[in-house]
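The structure appears right after this line, and notes come after that.
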Amino acid sequence: MKVIIDRSDCVSCGTCYETCPTFFEQNPDDTFSQIIEKFRFNGNIGEGIPPQDLENCAKEAANLCPSSIIHIEE
Ligand code: SF4
């Protein structure tokens with residue numbers, strides 16, 4: 001499963017990194033959400049592969065994102 005954040009449309013609400021703090025975090029510079037480094041895909045801060053035990057919380061964060069900018073690819 002792959003997770004993609006359309007970071008340019010993030011409103012820094014905090015929902016994703018509060019819902020799934022072991023996978024998402026807030027970027028300290030632009031304040032937008034990003035993938036935690038060890039789960040990033042090709043080093044891209046906006047794309048990541050969650051381990052199986054984090055898939056559900058990543059999906060929940062995607063469902064709760066008020067801007068609907070967290071996309072899941074199975
Ligand atoms: S839930 Fe969506 S809008 Fe809120 S911080 Fe996360 S990616 Fe940004």
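For the structure tokens, the naming scheme is as follows: chains receive sequential letters (A, B, ...) according to their order of presentation, residues are indexed from 1 within each chain, and ligands are indexed from 1 in presentation order.
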What lies within 9 Å of Cys16 (chain A) using only C-alpha atoms, ignoring chain neighbours under 2 positions off, as a ChimeraX atom specification?
/A:13-14,18-21,23-25,33,57-58,60-62,64-65,70
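Note that DSSP on the backbone gives strand (DSSP E or B) to these residues of region 12-70 of chain A: Phe24, Glu25, Gln26, Ser33, Gln34, Ile35, Arg40, Phe41, Asn44, Ile45, Gly46, Glu47, Gly48 and Ile70 of chain A.
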task = Please identify which residues in chain A DSSP calls helix (DSSP H, G or I) from the backbone, and express them as a VMD selection string.
result = chain A and resid 7 to 9 15 to 19 37 to 39 52 to 64
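Rounded to one decimal, CA of Thr15 (chain A) and CA of Glu74 (chain A) lie 22.0 Å from each other.
Nearest residue to ligand 1, choosing from A:Ser12, A:Thr31, A:Asn63, A:Thr22 and counting only C-alpha atoms and all ligand atoms: A:Ser12.
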Do you know which residues are at most 9 Å from Lys2 (chain A) counting only C-alpha atoms, after dropping those on the same chain fewer than 6 positions away, and could you put them as number ranges by chain? A: 41, 47-50, 71-74
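Distances to Ser8 (chain A) were evaluated for A:Leu54, A:Phe32, A:Lys59, A:Lys38 using only C-alpha atoms, and the minimum falls at A:Phe32.
Distance annotation: of A:Ile36, A:Val11, A:Tyr17, A:Asp6, the residue with the minimal separation from Pro66 (chain A) is A:Val11; atom set is only C-alpha atoms.
Taking atom 3 (S, counted along the ligand's line) of ligand 1 and CA of Ile5 (chain A) as endpoints, the distance between them is 9.2 Å.
Close contacts of Gly46 (chain A), defined as residues with an atom at most 6 Å away when counting only C-alpha atoms, with chain neighbours fewer than 4 positions off set aside, comprise Ile4, Ile5, Gln34 and Ile35 of chain A.
Across the model, the gap from atom 3 (S, counted along the ligand's line) of ligand 1 to CA of Ser67 (chain A) is 5.2 Å.
You can rank A:Phe39, A:Val3, A:Gln52, A:Gln26 by their closest distance to ligand 1 using only C-alpha atoms and all ligand atoms, and at the top of that list sits A:Gln26.
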